[in-house]
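S.K.: Below are the structure tokens for one structure; questions will follow.
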Amino acid sequence: MATTDTTAAGLAHGWYALSLLHGRIEAHIERALQSGHDLSVREYSLLDVLSRQHNDEGGHLRMNQVADAVVLSQSATTRLVTRLEDRGLLSRYLCPTDRRGIYTDVTDAGLFLLAEARPTHDAALREALDRANGDPRLTPLVAAVEKLDGGSKVS
């Protein structure tokens, strides 16, 4: 029974470290994006995900796919899309082949803001990872994050 307790404690500590890393990174990026571009992390993520769509077959995401990509509920994603649409950063339209489907595209203003915000986002991410790397509990997780992009670091 002691082995199971030890394993569970190890998992709990690992989960705590992962949560801590995520929270620190997200908070740092949030402050940078808010102060520099009046964008939240979620708004930036949504613009980024939607900017990667294409017009070829299967190139547009349905709202449930967008919700999964930005890790929000479908209703929260809809509210987020509406806020960005009200700001002129997104537009919605009916799917031409399935009138029940609604697609969302990033407007030119949204693409411009995303391009402006990307260096801020990337620099804040790098800063947050560098700071976290100084915490021995987080060093292995930082190394894992840096390896996820084909072995290259975030620049």
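Labeling convention for the structure tokens: chains A, B, ... as they appear, residues from 1 per chain, ligands from 1 in order of appearance.
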Check which residues of region 8-54 of chain A sit at most 9 Å from region 68-81 of chain A using only C-alpha atoms, and return one row each with the closest pair of atoms and their distance in Å to one decimal, ordered by chain and rising number, as JSON lines.
M.R.:
```
{"residue": "A:Arg42", "atom": "CA", "partner": "A:Val70", "partner_atom": "CA", "distance": 7.0}
{"residue": "A:Glu43", "atom": "CA", "partner": "A:Leu80", "partner_atom": "CA", "distance": 7.1}
{"residue": "A:Ser45", "atom": "CA", "partner": "A:Val70", "partner_atom": "CA", "distance": 6.3}
{"residue": "A:Leu46", "atom": "CA", "partner": "A:Val70", "partner_atom": "CA", "distance": 6.2}
{"residue": "A:Val49", "atom": "CA", "partner": "A:Ala69", "partner_atom": "CA", "distance": 7.1}
```
S.K.: Enumerate, as a PyMOL selection string, the complete set of residues in chain A that a backbone-based DSSP assignment places in helix (DSSP H, G or I).
M.R.: chain A and resi 2-37+41-51+63-70+74-86+108-133+139-148
S.K.: Please determine, counting only C-alpha atoms, which residue among A:Asp86, A:Ile29, A:Gly36, A:Arg62 has the shortest atom-to-atom distance to Arg100 (chain A).
M.R.: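 Closest to Arg100 (chain A) of all the choices is A:Arg62.
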S.K.: Report as a PDB file with all heavy atoms, in the first residue's frame all protein, DNA and RNA residues lying within 9 Å of region 10-27 of chain A, evaluated on only C-alpha atoms, omitting residues in the same chain fewer than 2 positions from it.
M.R.:
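Saved as selection30.pdb:
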```
ATOM      1  N   ASP A   5       0.686   4.797  -2.343  1.00  0.00           N
ATOM      2  CA  ASP A   5       0.646   6.134  -1.759  1.00  0.00           C
ATOM      3  C   ASP A   5       1.794   6.988  -2.279  1.00  0.00           C
ATOM      4  O   ASP A   5       1.621   8.167  -2.579  1.00  0.00           O
ATOM      5  CB  ASP A   5       0.700   6.062  -0.227  1.00  0.00           C
ATOM      6  CG  ASP A   5      -0.578   5.474   0.366  1.00  0.00           C
ATOM      7  OD1 ASP A   5      -1.602   5.438  -0.350  1.00  0.00           O
ATOM      8  OD2 ASP A   5      -0.538   5.055   1.536  1.00  0.00           O
ATOM      9  N   THR A   6       2.974   6.407  -2.400  1.00  0.00           N
ATOM     10  CA  THR A   6       4.145   7.114  -2.902  1.00  0.00           C
ATOM     11  C   THR A   6       3.950   7.496  -4.361  1.00  0.00           C
ATOM     12  O   THR A   6       4.256   8.621  -4.765  1.00  0.00           O
ATOM     13  CB  THR A   6       5.413   6.243  -2.763  1.00  0.00           C
ATOM     14  OG1 THR A   6       5.541   5.854  -1.401  1.00  0.00           O
ATOM     15  CG2 THR A   6       6.647   6.986  -3.199  1.00  0.00           C
ATOM     16  N   THR A   7       3.404   6.593  -5.155  1.00  0.00           N
ATOM     17  CA  THR A   7       3.132   6.874  -6.563  1.00  0.00           C
ATOM     18  C   THR A   7       2.108   7.993  -6.695  1.00  0.00           C
ATOM     19  O   THR A   7       2.288   8.919  -7.487  1.00  0.00           O
ATOM     20  CB  THR A   7       2.626   5.606  -7.284  1.00  0.00           C
ATOM     21  OG1 THR A   7       3.603   4.590  -7.137  1.00  0.00           O
ATOM     22  CG2 THR A   7       2.386   5.879  -8.749  1.00  0.00           C
ATOM     23  N   ALA A   8       1.051   7.921  -5.907  1.00  0.00           N
ATOM     24  CA  ALA A   8       0.018   8.959  -5.952  1.00  0.00           C
ATOM     25  C   ALA A   8       0.593  10.304  -5.533  1.00  0.00           C
ATOM     26  O   ALA A   8       0.280  11.336  -6.141  1.00  0.00           O
ATOM     27  CB  ALA A   8      -1.156   8.571  -5.053  1.00  0.00           C
ATOM     28  N   ILE A  29       2.150  36.081 -19.822  1.00  0.00           N
ATOM     29  CA  ILE A  29       1.712  36.426 -21.183  1.00  0.00           C
ATOM     30  C   ILE A  29       0.476  37.327 -21.128  1.00  0.00           C
ATOM     31  O   ILE A  29       0.366  38.280 -21.901  1.00  0.00           O
ATOM     32  CB  ILE A  29       1.444  35.155 -22.015  1.00  0.00           C
ATOM     33  CG1 ILE A  29       2.745  34.388 -22.245  1.00  0.00           C
ATOM     34  CG2 ILE A  29       0.794  35.505 -23.357  1.00  0.00           C
ATOM     35  CD1 ILE A  29       2.560  33.022 -22.880  1.00  0.00           C
ATOM     36  N   GLU A  30      -0.443  37.032 -20.229  1.00  0.00           N
ATOM     37  CA  GLU A  30      -1.660  37.842 -20.085  1.00  0.00           C
ATOM     38  C   GLU A  30      -1.313  39.311 -19.823  1.00  0.00           C
ATOM     39  O   GLU A  30      -1.848  40.208 -20.469  1.00  0.00           O
ATOM     40  CB  GLU A  30      -2.527  37.297 -18.946  1.00  0.00           C
ATOM     41  CG  GLU A  30      -3.820  38.040 -18.722  1.00  0.00           C
ATOM     42  CD  GLU A  30      -4.920  37.645 -19.696  1.00  0.00           C
ATOM     43  OE1 GLU A  30      -4.910  36.528 -20.203  1.00  0.00           O
ATOM     44  OE2 GLU A  30      -5.807  38.501 -19.936  1.00  0.00           O
ATOM     45  N   ARG A  31      -0.417  39.543 -18.865  1.00  0.00           N
ATOM     46  CA  ARG A  31      -0.027  40.929 -18.543  1.00  0.00           C
ATOM     47  C   ARG A  31       0.593  41.614 -19.758  1.00  0.00           C
ATOM     48  O   ARG A  31       0.284  42.770 -20.057  1.00  0.00           O
ATOM     49  CB  ARG A  31       0.945  40.953 -17.366  1.00  0.00           C
ATOM     50  CG  ARG A  31       0.292  40.691 -16.027  1.00  0.00           C
ATOM     51  CD  ARG A  31       1.247  40.931 -14.861  1.00  0.00           C
ATOM     52  NE  ARG A  31       2.422  40.073 -14.881  1.00  0.00           N
ATOM     53  CZ  ARG A  31       2.469  38.846 -14.364  1.00  0.00           C
ATOM     54  NH1 ARG A  31       1.397  38.326 -13.777  1.00  0.00           N
ATOM     55  NH2 ARG A  31       3.585  38.146 -14.426  1.00  0.00           N
ATOM     56  N   ALA A  32       1.456  40.908 -20.467  1.00  0.00           N
ATOM     57  CA  ALA A  32       2.131  41.497 -21.626  1.00  0.00           C
ATOM     58  C   ALA A  32       1.140  41.822 -22.743  1.00  0.00           C
ATOM     59  O   ALA A  32       1.192  42.909 -23.332  1.00  0.00           O
ATOM     60  CB  ALA A  32       3.224  40.554 -22.129  1.00  0.00           C
ATOM     61  N   VAL A  41      -5.058  36.373 -23.160  1.00  0.00           N
ATOM     62  CA  VAL A  41      -4.420  35.165 -23.686  1.00  0.00           C
ATOM     63  C   VAL A  41      -5.421  34.374 -24.519  1.00  0.00           C
ATOM     64  O   VAL A  41      -5.089  33.867 -25.591  1.00  0.00           O
ATOM     65  CB  VAL A  41      -3.859  34.292 -22.536  1.00  0.00           C
ATOM     66  CG1 VAL A  41      -3.435  32.931 -23.038  1.00  0.00           C
ATOM     67  CG2 VAL A  41      -2.700  34.987 -21.855  1.00  0.00           C
ATOM     68  N   ALA A 124       7.169  37.198 -24.167  1.00  0.00           N
ATOM     69  CA  ALA A 124       6.649  36.924 -22.823  1.00  0.00           C
ATOM     70  C   ALA A 124       6.736  35.432 -22.506  1.00  0.00           C
ATOM     71  O   ALA A 124       7.066  35.046 -21.379  1.00  0.00           O
ATOM     72  CB  ALA A 124       5.210  37.425 -22.694  1.00  0.00           C
ATOM     73  N   LEU A 125       6.458  34.590 -23.486  1.00  0.00           N
ATOM     74  CA  LEU A 125       6.592  33.146 -23.296  1.00  0.00           C
ATOM     75  C   LEU A 125       8.037  32.779 -22.974  1.00  0.00           C
ATOM     76  O   LEU A 125       8.309  32.028 -22.036  1.00  0.00           O
ATOM     77  CB  LEU A 125       6.102  32.402 -24.538  1.00  0.00           C
ATOM     78  CG  LEU A 125       6.300  30.888 -24.553  1.00  0.00           C
ATOM     79  CD1 LEU A 125       5.619  30.227 -23.354  1.00  0.00           C
ATOM     80  CD2 LEU A 125       5.771  30.308 -25.863  1.00  0.00           C
ATOM     81  N   GLU A 127      10.374  34.716 -21.722  1.00  0.00           N
ATOM     82  CA  GLU A 127      10.703  35.248 -20.400  1.00  0.00           C
ATOM     83  C   GLU A 127      10.136  34.349 -19.298  1.00  0.00           C
ATOM     84  O   GLU A 127      10.822  34.054 -18.311  1.00  0.00           O
ATOM     85  CB  GLU A 127      10.138  36.659 -20.234  1.00  0.00           C
ATOM     86  CG  GLU A 127      10.838  37.719 -21.044  1.00  0.00           C
ATOM     87  CD  GLU A 127      10.060  39.025 -21.093  1.00  0.00           C
ATOM     88  OE1 GLU A 127       9.037  39.170 -20.374  1.00  0.00           O
ATOM     89  OE2 GLU A 127      10.471  39.921 -21.859  1.00  0.00           O
ATOM     90  N   ALA A 128       8.897  33.940 -19.453  1.00  0.00           N
ATOM     91  CA  ALA A 128       8.257  33.101 -18.434  1.00  0.00           C
ATOM     92  C   ALA A 128       8.961  31.754 -18.320  1.00  0.00           C
ATOM     93  O   ALA A 128       9.170  31.246 -17.210  1.00  0.00           O
ATOM     94  CB  ALA A 128       6.771  32.912 -18.757  1.00  0.00           C
ATOM     95  N   LEU A 129       9.336  31.174 -19.449  1.00  0.00           N
ATOM     96  CA  LEU A 129      10.063  29.899 -19.413  1.00  0.00           C
ATOM     97  C   LEU A 129      11.439  30.064 -18.774  1.00  0.00           C
ATOM     98  O   LEU A 129      11.868  29.218 -17.989  1.00  0.00           O
ATOM     99  CB  LEU A 129      10.186  29.310 -20.819  1.00  0.00           C
ATOM    100  CG  LEU A 129       8.906  28.727 -21.407  1.00  0.00           C
ATOM    101  CD1 LEU A 129       9.094  28.420 -22.890  1.00  0.00           C
ATOM    102  CD2 LEU A 129       8.467  27.493 -20.641  1.00  0.00           C
ATOM    103  N   ALA A 132      10.930  30.377 -15.041  1.00  0.00           N
ATOM    104  CA  ALA A 132      10.527  29.085 -14.478  1.00  0.00           C
ATOM    105  C   ALA A 132      11.700  28.113 -14.438  1.00  0.00           C
ATOM    106  O   ALA A 132      11.785  27.280 -13.540  1.00  0.00           O
ATOM    107  CB  ALA A 132       9.375  28.493 -15.283  1.00  0.00           C
ATOM    108  N   ARG A 137      11.886  22.705  -9.331  1.00  0.00           N
ATOM    109  CA  ARG A 137      10.677  21.893  -9.508  1.00  0.00           C
ATOM    110  C   ARG A 137      10.166  21.968 -10.943  1.00  0.00           C
ATOM    111  O   ARG A 137       9.477  21.066 -11.415  1.00  0.00           O
ATOM    112  CB  ARG A 137       9.556  22.361  -8.574  1.00  0.00           C
ATOM    113  CG  ARG A 137       9.866  22.273  -7.104  1.00  0.00           C
ATOM    114  CD  ARG A 137       8.813  22.991  -6.299  1.00  0.00           C
ATOM    115  NE  ARG A 137       8.812  24.412  -6.658  1.00  0.00           N
ATOM    116  CZ  ARG A 137       7.917  25.300  -6.244  1.00  0.00           C
ATOM    117  NH1 ARG A 137       6.932  24.924  -5.473  1.00  0.00           N
ATOM    118  NH2 ARG A 137       8.001  26.558  -6.603  1.00  0.00           N
ATOM    119  N   LEU A 138      10.483  23.071 -11.623  1.00  0.00           N
ATOM    120  CA  LEU A 138       9.919  23.313 -12.949  1.00  0.00           C
ATOM    121  C   LEU A 138      10.904  23.064 -14.088  1.00  0.00           C
ATOM    122  O   LEU A 138      10.493  22.953 -15.248  1.00  0.00           O
ATOM    123  CB  LEU A 138       9.391  24.749 -13.029  1.00  0.00           C
ATOM    124  CG  LEU A 138       8.351  25.127 -11.974  1.00  0.00           C
ATOM    125  CD1 LEU A 138       7.929  26.582 -12.132  1.00  0.00           C
ATOM    126  CD2 LEU A 138       7.152  24.202 -12.030  1.00  0.00           C
ATOM    127  N   LEU A 141      10.107  20.354 -16.590  1.00  0.00           N
ATOM    128  CA  LEU A 141       8.928  20.689 -17.405  1.00  0.00           C
ATOM    129  C   LEU A 141       9.269  21.729 -18.473  1.00  0.00           C
ATOM    130  O   LEU A 141       8.785  21.646 -19.595  1.00  0.00           O
ATOM    131  CB  LEU A 141       7.791  21.186 -16.520  1.00  0.00           C
ATOM    132  CG  LEU A 141       7.214  20.150 -15.561  1.00  0.00           C
ATOM    133  CD1 LEU A 141       6.248  20.795 -14.589  1.00  0.00           C
ATOM    134  CD2 LEU A 141       6.546  19.030 -16.336  1.00  0.00           C
ATOM    135  N   VAL A 142      10.096  22.699 -18.121  1.00  0.00           N
ATOM    136  CA  VAL A 142      10.533  23.692 -19.101  1.00  0.00           C
ATOM    137  C   VAL A 142      11.275  22.991 -20.233  1.00  0.00           C
ATOM    138  O   VAL A 142      11.031  23.261 -21.418  1.00  0.00           O
ATOM    139  CB  VAL A 142      11.412  24.778 -18.450  1.00  0.00           C
ATOM    140  CG1 VAL A 142      12.048  25.680 -19.504  1.00  0.00           C
ATOM    141  CG2 VAL A 142      10.595  25.610 -17.453  1.00  0.00           C
TER     142      VAL A 142
END
```
S.K.: Using DSSP on the backbone coordinates, identify the residues of chain A assigned to strand (DSSP E or B); present them as a ChimeraX atom specification.
M.R.: /A:90-94,102-106
S.K.: Which residues come within 9 Å of Leu114 (chain A), counting only C-alpha atoms, excluding same-chain residues fewer than 5 positions away, as a ChimeraX atom specification?
M.R.: /A:44,47-48,51,109
S.K.: Write a file of the selected residues as a PDB file, in the first residue's frame, keeping all heavy atoms.
M.R.:
```pdb
ATOM      1  N   TYR A  44      -6.011  36.111 -27.875  1.00  0.00           N
ATOM      2  CA  TYR A  44      -4.847  35.877 -28.741  1.00  0.00           C
ATOM      3  C   TYR A  44      -4.884  34.456 -29.298  1.00  0.00           C
ATOM      4  O   TYR A  44      -4.695  34.239 -30.501  1.00  0.00           O
ATOM      5  CB  TYR A  44      -3.549  36.115 -27.968  1.00  0.00           C
ATOM      6  CG  TYR A  44      -2.320  35.795 -28.776  1.00  0.00           C
ATOM      7  CD1 TYR A  44      -1.717  36.765 -29.570  1.00  0.00           C
ATOM      8  CD2 TYR A  44      -1.772  34.510 -28.781  1.00  0.00           C
ATOM      9  CE1 TYR A  44      -0.601  36.466 -30.337  1.00  0.00           C
ATOM     10  CE2 TYR A  44      -0.656  34.207 -29.543  1.00  0.00           C
ATOM     11  CZ  TYR A  44      -0.077  35.183 -30.322  1.00  0.00           C
ATOM     12  OH  TYR A  44       1.022  34.884 -31.097  1.00  0.00           O
ATOM     13  N   LEU A  47      -7.539  34.107 -32.023  1.00  0.00           N
ATOM     14  CA  LEU A  47      -7.096  34.727 -33.276  1.00  0.00           C
ATOM     15  C   LEU A  47      -6.029  33.866 -33.949  1.00  0.00           C
ATOM     16  O   LEU A  47      -6.052  33.673 -35.167  1.00  0.00           O
ATOM     17  CB  LEU A  47      -6.551  36.139 -33.017  1.00  0.00           C
ATOM     18  CG  LEU A  47      -7.573  37.203 -32.656  1.00  0.00           C
ATOM     19  CD1 LEU A  47      -6.868  38.490 -32.239  1.00  0.00           C
ATOM     20  CD2 LEU A  47      -8.536  37.463 -33.801  1.00  0.00           C
ATOM     21  N   ASP A  48      -5.108  33.339 -33.161  1.00  0.00           N
ATOM     22  CA  ASP A  48      -4.036  32.512 -33.707  1.00  0.00           C
ATOM     23  C   ASP A  48      -4.589  31.237 -34.347  1.00  0.00           C
ATOM     24  O   ASP A  48      -4.240  30.903 -35.478  1.00  0.00           O
ATOM     25  CB  ASP A  48      -3.035  32.176 -32.596  1.00  0.00           C
ATOM     26  CG  ASP A  48      -1.843  31.415 -33.116  1.00  0.00           C
ATOM     27  OD1 ASP A  48      -1.198  31.885 -34.083  1.00  0.00           O
ATOM     28  OD2 ASP A  48      -1.544  30.338 -32.570  1.00  0.00           O
ATOM     29  N   SER A  51      -6.516  32.071 -37.491  1.00  0.00           N
ATOM     30  CA  SER A  51      -5.673  32.587 -38.578  1.00  0.00           C
ATOM     31  C   SER A  51      -5.002  31.460 -39.355  1.00  0.00           C
ATOM     32  O   SER A  51      -4.546  31.657 -40.470  1.00  0.00           O
ATOM     33  CB  SER A  51      -4.608  33.539 -38.033  1.00  0.00           C
ATOM     34  OG  SER A  51      -3.590  32.820 -37.356  1.00  0.00           O
ATOM     35  N   ALA A 109      -8.246  43.442 -39.809  1.00  0.00           N
ATOM     36  CA  ALA A 109      -7.884  44.111 -38.548  1.00  0.00           C
ATOM     37  C   ALA A 109      -7.407  43.089 -37.519  1.00  0.00           C
ATOM     38  O   ALA A 109      -6.452  43.345 -36.769  1.00  0.00           O
ATOM     39  CB  ALA A 109      -9.077  44.900 -38.006  1.00  0.00           C
TER      40      ALA A 109
END
```
S.K.: Between CA of Thr104 (chain A) and CA of His60 (chain A), what is the spacing in Å?
M.R.: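 These atoms are spaced 8.0 Å apart.
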S.K.: Any idea what the distance is between CA of Val106 (chain A) and CA of Leu50 (chain A)?
M.R.: 6.3 Å
S.K.: May I have the residues within 12 Å of Ala143 (chain A) as a compact mmCIF listing (two decimals) with all heavy atoms, in the first residue's frame, using only C-alpha atoms and disregarding those fewer than 2 positions away in the same chain?
M.R.:
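Result file selection_8.txt:
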```txt
# COMPACT_ATOMS: atom_id res chain seq x y z
N LEU A 21 3.59 25.80 -13.47
CA LEU A 21 4.24 26.30 -14.69
C LEU A 21 3.21 26.95 -15.61
O LEU A 21 3.42 28.07 -16.10
CB LEU A 21 4.97 25.17 -15.41
CG LEU A 21 5.66 25.56 -16.73
CD1 LEU A 21 6.76 26.60 -16.49
CD2 LEU A 21 6.23 24.32 -17.42
N LEU A 129 9.34 31.17 -19.45
CA LEU A 129 10.06 29.90 -19.41
C LEU A 129 11.44 30.06 -18.77
O LEU A 129 11.87 29.22 -17.99
CB LEU A 129 10.19 29.31 -20.82
CG LEU A 129 8.91 28.73 -21.41
CD1 LEU A 129 9.09 28.42 -22.89
CD2 LEU A 129 8.47 27.49 -20.64
N ASP A 130 12.12 31.15 -19.10
CA ASP A 130 13.44 31.39 -18.51
C ASP A 130 13.35 31.56 -17.00
O ASP A 130 14.17 31.03 -16.25
CB ASP A 130 14.11 32.62 -19.14
CG ASP A 130 14.57 32.37 -20.57
OD1 ASP A 130 14.62 31.19 -21.00
OD2 ASP A 130 14.86 33.36 -21.28
N ALA A 132 10.93 30.38 -15.04
CA ALA A 132 10.53 29.08 -14.48
C ALA A 132 11.70 28.11 -14.44
O ALA A 132 11.78 27.28 -13.54
CB ALA A 132 9.37 28.49 -15.28
N ASN A 133 12.60 28.24 -15.37
CA ASN A 133 13.76 27.35 -15.43
C ASN A 133 14.66 27.51 -14.21
O ASN A 133 15.43 26.61 -13.88
CB ASN A 133 14.55 27.60 -16.72
CG ASN A 133 15.31 26.38 -17.17
OD1 ASN A 133 14.95 25.25 -16.85
ND2 ASN A 133 16.36 26.60 -17.94
N GLY A 134 14.54 28.63 -13.51
CA GLY A 134 15.31 28.85 -12.28
C GLY A 134 14.75 28.12 -11.08
O GLY A 134 15.37 28.07 -10.02
N PRO A 136 13.91 24.66 -9.50
CA PRO A 136 14.25 23.25 -9.74
C PRO A 136 13.03 22.34 -9.92
O PRO A 136 13.12 21.32 -10.62
CB PRO A 136 15.03 22.84 -8.48
CG PRO A 136 15.44 24.10 -7.82
CD PRO A 136 14.49 25.17 -8.27
N ARG A 137 11.89 22.71 -9.33
CA ARG A 137 10.68 21.89 -9.51
C ARG A 137 10.17 21.97 -10.94
O ARG A 137 9.48 21.07 -11.42
CB ARG A 137 9.56 22.36 -8.57
CG ARG A 137 9.87 22.27 -7.10
CD ARG A 137 8.81 22.99 -6.30
NE ARG A 137 8.81 24.41 -6.66
CZ ARG A 137 7.92 25.30 -6.24
NH1 ARG A 137 6.93 24.92 -5.47
NH2 ARG A 137 8.00 26.56 -6.60
N LEU A 138 10.48 23.07 -11.62
CA LEU A 138 9.92 23.31 -12.95
C LEU A 138 10.90 23.06 -14.09
O LEU A 138 10.49 22.95 -15.25
CB LEU A 138 9.39 24.75 -13.03
CG LEU A 138 8.35 25.13 -11.97
CD1 LEU A 138 7.93 26.58 -12.13
CD2 LEU A 138 7.15 24.20 -12.03
N THR A 139 12.19 22.98 -13.78
CA THR A 139 13.22 22.81 -14.82
C THR A 139 12.94 21.66 -15.78
O THR A 139 13.02 21.84 -17.00
CB THR A 139 14.61 22.68 -14.17
OG1 THR A 139 14.86 23.86 -13.40
CG2 THR A 139 15.69 22.51 -15.20
N PRO A 140 12.57 20.46 -15.28
CA PRO A 140 12.29 19.36 -16.22
C PRO A 140 11.09 19.65 -17.13
O PRO A 140 11.07 19.25 -18.29
CB PRO A 140 12.01 18.15 -15.33
CG PRO A 140 12.46 18.52 -13.96
CD PRO A 140 12.49 20.00 -13.88
N LEU A 141 10.11 20.35 -16.59
CA LEU A 141 8.93 20.69 -17.41
C LEU A 141 9.27 21.73 -18.47
O LEU A 141 8.79 21.65 -19.60
CB LEU A 141 7.79 21.19 -16.52
CG LEU A 141 7.21 20.15 -15.56
CD1 LEU A 141 6.25 20.80 -14.59
CD2 LEU A 141 6.55 19.03 -16.34
N VAL A 145 8.77 21.30 -22.48
CA VAL A 145 8.06 22.27 -23.33
C VAL A 145 8.95 22.68 -24.49
O VAL A 145 8.51 22.76 -25.64
CB VAL A 145 7.62 23.51 -22.51
CG1 VAL A 145 7.15 24.64 -23.42
CG2 VAL A 145 6.52 23.13 -21.52
N GLU A 146 10.21 22.94 -24.20
CA GLU A 146 11.12 23.38 -25.26
C GLU A 146 11.38 22.29 -26.30
O GLU A 146 11.63 22.59 -27.46
CB GLU A 146 12.45 23.85 -24.64
CG GLU A 146 12.28 25.14 -23.86
CD GLU A 146 13.52 25.60 -23.13
OE1 GLU A 146 14.42 24.76 -22.90
OE2 GLU A 146 13.57 26.78 -22.79
N LYS A 147 11.27 21.04 -25.91
CA LYS A 147 11.45 19.92 -26.85
C LYS A 147 10.23 19.66 -27.72
O LYS A 147 10.34 19.03 -28.76
CB LYS A 147 11.80 18.64 -26.09
CG LYS A 147 13.19 18.63 -25.54
CD LYS A 147 13.46 17.33 -24.82
CE LYS A 147 14.81 17.37 -24.16
NZ LYS A 147 15.06 16.15 -23.40
N LEU A 148 9.08 20.15 -27.31
CA LEU A 148 7.84 19.85 -28.04
C LEU A 148 7.85 20.41 -29.46
O LEU A 148 7.22 19.85 -30.34
CB LEU A 148 6.63 20.41 -27.29
CG LEU A 148 6.25 19.63 -26.05
CD1 LEU A 148 5.12 20.35 -25.32
CD2 LEU A 148 5.85 18.21 -26.38
N ASP A 149 8.53 21.50 -29.70
CA ASP A 149 8.54 22.11 -31.02
C ASP A 149 9.70 21.59 -31.85
O ASP A 149 10.54 22.35 -32.31
CB ASP A 149 8.60 23.65 -30.89
CG ASP A 149 8.42 24.33 -32.24
OD1 ASP A 149 7.80 23.75 -33.14
OD2 ASP A 149 8.93 25.46 -32.38
N GLY A 151 12.32 20.12 -31.02
CA GLY A 151 13.64 20.30 -30.44
C GLY A 151 14.13 21.72 -30.46
O GLY A 151 15.22 22.02 -29.98
N SER A 152 13.36 22.66 -31.01
CA SER A 152 13.83 24.04 -31.04
C SER A 152 13.16 24.84 -29.93
O SER A 152 12.05 24.56 -29.52
CB SER A 152 13.50 24.69 -32.39
OG SER A 152 12.11 24.79 -32.56
N LYS A 153 13.88 25.82 -29.45
CA LYS A 153 13.37 26.69 -28.39
C LYS A 153 12.47 27.75 -28.99
O LYS A 153 12.59 28.10 -30.16
CB LYS A 153 14.51 27.37 -27.64
CG LYS A 153 15.28 26.41 -26.76
CD LYS A 153 16.26 27.20 -25.91
CE LYS A 153 16.94 26.29 -24.93
NZ LYS A 153 17.81 27.05 -24.03
N VAL A 154 11.58 28.29 -28.15
CA VAL A 154 10.75 29.43 -28.55
C VAL A 154 11.67 30.63 -28.66
O VAL A 154 12.48 30.88 -27.79
CB VAL A 154 9.64 29.69 -27.50
CG1 VAL A 154 8.87 30.92 -27.85
CG2 VAL A 154 8.75 28.48 -27.38
```
S.K.: Just the number, please: distance in Å from CA of Arg83 (chain A) to CA of Glu116 (chain A), one decimal.
M.R.: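 Going from CA of Arg83 (chain A) over to CA of Glu116 (chain A) covers 19.2 Å.
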S.K.: Looking at only C-alpha atoms, which of A:Gly59, A:Leu33, A:Ala144, A:His28 is the one that sits closest to Cys95 (chain A)?
M.R.: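 Looking at the shortest contact to Cys95 (chain A), the residue is A:Gly59.
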